[in-house]
Amino acid sequence: QVQLVESGGGSVQAGGSLRLSCAVSGRTFSDYVMGWFRQAPGKERDFVAAYKWSTGSTYYANAVKGRFTISRDNAKNTVSLQMDSLKPEDAAVYYCAAAFKSWLEPVYKTRLAYDFWGQGTQVTVSS
């Protein structure tokens, strides 16, 4: 079984920054994709960013390109999401997810690709 634990959420003013981390433990494979999704109240859970472990390829939602950066820390087996220039519309519960099957790139931007999910961490952005 795979466990994902998010940390780093909190409250920030618009224009500020936060860094989320997701620690991965349990059974893993040599190649997998780690993703971040977010869900605001009353809305769908939307893709934010993803990182392909074997190649270092990154994928971003258009809404966060240029502001968010996804990266990994091999030693800690974590994936992080650096969020800069935050906007009120970025406020949501952020979820970390892991995908262990091989998909075409567009699929990694959907919930379909992901097998395991973290419990979520709240991000609040005040205007």
# chains A, B, ... in the order shown; residues from 1 in each chain; ligands from 1

$ residues_around --residues "Asp31 (chain A)" --least-positions-apart "3" --cutoff "12 Å" --atoms "only C-alpha atoms" --output "list in words"
Arg27, Thr28, Met34, Tyr51, Lys52, Trp53, Ser54, Thr55, Gly56, Ser57, Ala98, Ala99, Phe100, Lys101, Ser102 and Trp103 of chain A

$ write_last_selection --atoms "C-alpha atoms" --output "mmCIF file, in the first residue's frame"
data_model
loop_
_atom_site.group_PDB
_atom_site.id
_atom_site.type_symbol
_atom_site.label_atom_id
_atom_site.label_comp_id
_atom_site.auth_asym_id
_atom_site.auth_seq_id
_atom_site.Cartn_x
_atom_site.Cartn_y
_atom_site.Cartn_z
ATOM 1 C CA ARG A 27 5.151 0.318 -2.019
ATOM 2 C CA THR A 28 6.429 2.350 -4.936
ATOM 3 C CA MET A 34 3.042 12.508 -8.636
ATOM 4 C CA TYR A 51 5.885 15.350 -11.975
ATOM 5 C CA LYS A 52 7.088 12.241 -13.793
ATOM 6 C CA TRP A 53 9.681 10.629 -11.559
ATOM 7 C CA SER A 54 11.829 8.908 -14.189
ATOM 8 C CA THR A 55 12.243 11.805 -16.598
ATOM 9 C CA GLY A 56 11.657 14.892 -14.498
ATOM 10 C CA SER A 57 8.926 15.971 -16.884
ATOM 11 C CA ALA A 98 0.261 9.076 -7.151
ATOM 12 C CA ALA A 99 -0.116 7.339 -10.503
ATOM 13 C CA PHE A 100 1.580 3.987 -11.129
ATOM 14 C CA LYS A 101 0.229 3.092 -14.540
ATOM 15 C CA SER A 102 1.599 4.440 -17.775
ATOM 16 C CA TRP A 103 -0.665 6.941 -19.498
#

$ residues_around --residues "Thr78 (chain A)" --least-positions-apart "6" --cutoff "10 Å" --atoms "only C-alpha atoms" --output "NGL selection string"
:A and (4-6 or 21-25 or 34 or 71-72)

$ write_last_selection --atoms "N, CA and C atoms" --output "PDB file, in the first residue's frame"
ATOM      1  N   LEU A   4       0.351   8.721   1.253  1.00  0.00           N
ATOM      2  CA  LEU A   4       0.715  10.072   0.855  1.00  0.00           C
ATOM      3  C   LEU A   4       0.277  11.022   1.949  1.00  0.00           C
ATOM      4  N   VAL A   5       1.196  11.847   2.401  1.00  0.00           N
ATOM      5  CA  VAL A   5       0.879  12.780   3.478  1.00  0.00           C
ATOM      6  C   VAL A   5       1.304  14.175   3.052  1.00  0.00           C
ATOM      7  N   GLU A   6       0.318  15.066   2.946  1.00  0.00           N
ATOM      8  CA  GLU A   6       0.593  16.448   2.561  1.00  0.00           C
ATOM      9  C   GLU A   6       0.895  17.301   3.787  1.00  0.00           C
ATOM     10  N   SER A  21       4.192  20.176   0.534  1.00  0.00           N
ATOM     11  CA  SER A  21       5.006  18.975   0.350  1.00  0.00           C
ATOM     12  C   SER A  21       4.139  17.741   0.493  1.00  0.00           C
ATOM     13  N   CYS A  22       4.549  16.682  -0.206  1.00  0.00           N
ATOM     14  CA  CYS A  22       3.846  15.407  -0.134  1.00  0.00           C
ATOM     15  C   CYS A  22       4.888  14.316   0.078  1.00  0.00           C
ATOM     16  N   ALA A  23       4.798  13.648   1.205  1.00  0.00           N
ATOM     17  CA  ALA A  23       5.714  12.550   1.507  1.00  0.00           C
ATOM     18  C   ALA A  23       5.097  11.240   1.048  1.00  0.00           C
ATOM     19  N   VAL A  24       5.876  10.465   0.312  1.00  0.00           N
ATOM     20  CA  VAL A  24       5.409   9.201  -0.244  1.00  0.00           C
ATOM     21  C   VAL A  24       6.076   8.045   0.507  1.00  0.00           C
ATOM     22  N   SER A  25       5.293   7.104   0.953  1.00  0.00           N
ATOM     23  CA  SER A  25       5.859   5.929   1.624  1.00  0.00           C
ATOM     24  C   SER A  25       5.082   4.687   1.217  1.00  0.00           C
ATOM     25  N   MET A  34       3.664  11.894  -9.801  1.00  0.00           N
ATOM     26  CA  MET A  34       3.042  12.508  -8.636  1.00  0.00           C
ATOM     27  C   MET A  34       2.304  13.751  -9.087  1.00  0.00           C
ATOM     28  N   SER A  71       8.374  20.064  -7.864  1.00  0.00           N
ATOM     29  CA  SER A  71       9.728  19.516  -7.844  1.00  0.00           C
ATOM     30  C   SER A  71       9.768  18.317  -6.912  1.00  0.00           C
ATOM     31  N   ARG A  72      10.892  17.597  -6.938  1.00  0.00           N
ATOM     32  CA  ARG A  72      11.006  16.434  -6.082  1.00  0.00           C
ATOM     33  C   ARG A  72      12.268  16.517  -5.239  1.00  0.00           C
TER      34      ARG A  72
END

$ residues_around --residues "Arg67 (chain A)" --least-positions-apart "3" --cutoff "8 Å" --atoms "only C-alpha atoms" --output "ChimeraX atom specification"
/A:64,83-86

$ write_last_selection --atoms "N, CA, C and O atoms" --output "mmCIF file, in the first residue's frame"
data_model
loop_
_atom_site.group_PDB
_atom_site.id
_atom_site.type_symbol
_atom_site.label_atom_id
_atom_site.label_comp_id
_atom_site.auth_asym_id
_atom_site.auth_seq_id
_atom_site.Cartn_x
_atom_site.Cartn_y
_atom_site.Cartn_z
ATOM 1 N N VAL A 64 -2.057 27.961 -13.456
ATOM 2 C CA VAL A 64 -0.946 28.121 -12.506
ATOM 3 C C VAL A 64 0.418 28.227 -13.182
ATOM 4 O O VAL A 64 1.423 28.438 -12.505
ATOM 5 N N MET A 83 4.202 27.589 -4.525
ATOM 6 C CA MET A 83 3.136 28.422 -5.064
ATOM 7 C C MET A 83 3.463 29.882 -4.799
ATOM 8 O O MET A 83 3.520 30.309 -3.640
ATOM 9 N N ASP A 84 3.696 30.629 -5.847
ATOM 10 C CA ASP A 84 4.023 32.053 -5.751
ATOM 11 C C ASP A 84 2.913 32.886 -6.379
ATOM 12 O O ASP A 84 2.096 32.377 -7.141
ATOM 13 N N SER A 85 2.928 34.160 -6.055
ATOM 14 C CA SER A 85 1.929 35.092 -6.609
ATOM 15 C C SER A 85 0.524 34.534 -6.443
ATOM 16 O O SER A 85 -0.275 34.529 -7.389
ATOM 17 N N LEU A 86 0.229 34.089 -5.261
ATOM 18 C CA LEU A 86 -1.065 33.454 -5.016
ATOM 19 C C LEU A 86 -2.210 34.441 -5.187
ATOM 20 O O LEU A 86 -2.092 35.637 -4.855
#

$ residues_around --residues "Val123 (chain A)" --least-positions-apart "6" --cutoff "9 Å" --atoms "only C-alpha atoms" --output "NGL selection string"
:A and (8-12 or 18 or 90-94)

$ write_last_selection --atoms "N, CA and C atoms" --output "mmCIF file, in the first residue's frame"
data_model
loop_
_atom_site.group_PDB
_atom_site.id
_atom_site.type_symbol
_atom_site.label_atom_id
_atom_site.label_comp_id
_atom_site.auth_asym_id
_atom_site.auth_seq_id
_atom_site.Cartn_x
_atom_site.Cartn_y
_atom_site.Cartn_z
ATOM 1 N N GLY A 8 2.130 21.747 4.748
ATOM 2 C CA GLY A 8 2.511 23.057 4.240
ATOM 3 C C GLY A 8 1.382 23.994 3.915
ATOM 4 N N GLY A 9 0.160 23.547 4.053
ATOM 5 C CA GLY A 9 -0.944 24.459 3.786
ATOM 6 C C GLY A 9 -1.027 25.558 4.823
ATOM 7 N N GLY A 10 -1.867 26.540 4.575
ATOM 8 C CA GLY A 10 -2.026 27.636 5.517
ATOM 9 C C GLY A 10 -2.733 28.807 4.889
ATOM 10 N N SER A 11 -2.603 29.941 5.543
ATOM 11 C CA SER A 11 -3.253 31.166 5.081
ATOM 12 C C SER A 11 -2.202 32.173 4.635
ATOM 13 N N VAL A 12 -2.506 32.874 3.571
ATOM 14 C CA VAL A 12 -1.573 33.863 3.049
ATOM 15 C C VAL A 12 -2.372 34.960 2.351
ATOM 16 N N LEU A 18 3.354 30.032 -0.753
ATOM 17 C CA LEU A 18 3.286 28.872 0.137
ATOM 18 C C LEU A 18 3.988 27.721 -0.557
ATOM 19 N N ASP A 90 -6.932 30.770 -5.959
ATOM 20 C CA ASP A 90 -6.118 29.593 -5.697
ATOM 21 C C ASP A 90 -6.538 28.898 -4.399
ATOM 22 N N ALA A 91 -7.363 29.541 -3.608
ATOM 23 C CA ALA A 91 -7.790 28.966 -2.338
ATOM 24 C C ALA A 91 -8.571 27.678 -2.570
ATOM 25 N N ALA A 92 -8.173 26.628 -1.863
ATOM 26 C CA ALA A 92 -8.803 25.317 -2.041
ATOM 27 C C ALA A 92 -8.139 24.332 -1.081
ATOM 28 N N VAL A 93 -8.686 23.137 -1.049
ATOM 29 C CA VAL A 93 -7.977 22.021 -0.425
ATOM 30 C C VAL A 93 -7.118 21.397 -1.510
ATOM 31 N N TYR A 94 -5.842 21.260 -1.218
ATOM 32 C CA TYR A 94 -4.893 20.703 -2.187
ATOM 33 C C TYR A 94 -4.601 19.255 -1.829
#

$ closest_residue --among "A:Tyr32, A:Ala61, A:Tyr95, A:Val48" --to "Ala113 (chain A)" --atoms "only C-alpha atoms"
A:Tyr32

$ closest_residue --among "A:Lys76, A:Ala97, A:Leu104, A:Asp46" --to "Phe116 (chain A)" --atoms "only C-alpha atoms"
A:Ala97

$ select_by_dssp --residues "region 22-109 of chain A" --states "strand (DSSP E or B)" --output "ChimeraX atom specification"
/A:22-26,33-39,45-52,58-60,68-73,78-83,92-99

$ write_last_selection --atoms "C-alpha atoms" --output "CSV table (one decimal), in the first residue's frame"
chain,number,residue,atom,x,y,z
A,22,CYS,CA,3.8,15.4,-0.1
A,23,ALA,CA,5.7,12.5,1.5
A,24,VAL,CA,5.4,9.2,-0.2
A,25,SER,CA,5.9,5.9,1.6
A,26,GLY,CA,5.0,2.3,1.2
A,33,VAL,CA,3.8,10.3,-11.6
A,34,MET,CA,3.0,12.5,-8.6
A,35,GLY,CA,0.3,15.0,-9.0
A,36,TRP,CA,-1.3,17.9,-7.2
A,37,PHE,CA,-5.0,18.6,-7.5
A,38,ARG,CA,-7.2,21.2,-5.7
A,39,GLN,CA,-10.8,21.4,-4.8
A,45,ARG,CA,-11.3,18.5,-8.0
A,46,ASP,CA,-9.1,20.1,-10.6
A,47,PHE,CA,-5.6,19.3,-11.8
A,48,VAL,CA,-2.8,21.6,-10.8
A,49,ALA,CA,0.6,20.1,-11.6
A,50,ALA,CA,2.4,16.7,-12.0
A,51,TYR,CA,5.9,15.3,-12.0
A,52,LYS,CA,7.1,12.2,-13.8
A,58,THR,CA,6.5,18.4,-15.4
A,59,TYR,CA,2.9,19.3,-16.3
A,60,TYR,CA,0.9,22.3,-15.3
A,68,PHE,CA,3.6,27.3,-9.4
A,69,THR,CA,6.6,25.0,-9.6
A,70,ILE,CA,6.5,21.3,-8.9
A,71,SER,CA,9.7,19.5,-7.8
A,72,ARG,CA,11.0,16.4,-6.1
A,73,ASP,CA,13.4,15.6,-3.3
A,78,THR,CA,8.8,13.9,-1.5
A,79,VAL,CA,7.3,16.1,-4.1
A,80,SER,CA,6.8,19.8,-3.4
A,81,LEU,CA,4.6,22.5,-4.9
A,82,GLN,CA,6.0,26.0,-4.6
A,83,MET,CA,3.1,28.4,-5.1
A,92,ALA,CA,-8.8,25.3,-2.0
A,93,VAL,CA,-8.0,22.0,-0.4
A,94,TYR,CA,-4.9,20.7,-2.2
A,95,TYR,CA,-4.5,17.0,-2.7
A,96,CYS,CA,-1.4,15.0,-3.5
A,97,ALA,CA,-1.8,11.9,-5.7
A,98,ALA,CA,0.3,9.1,-7.2
A,99,ALA,CA,-0.1,7.3,-10.5
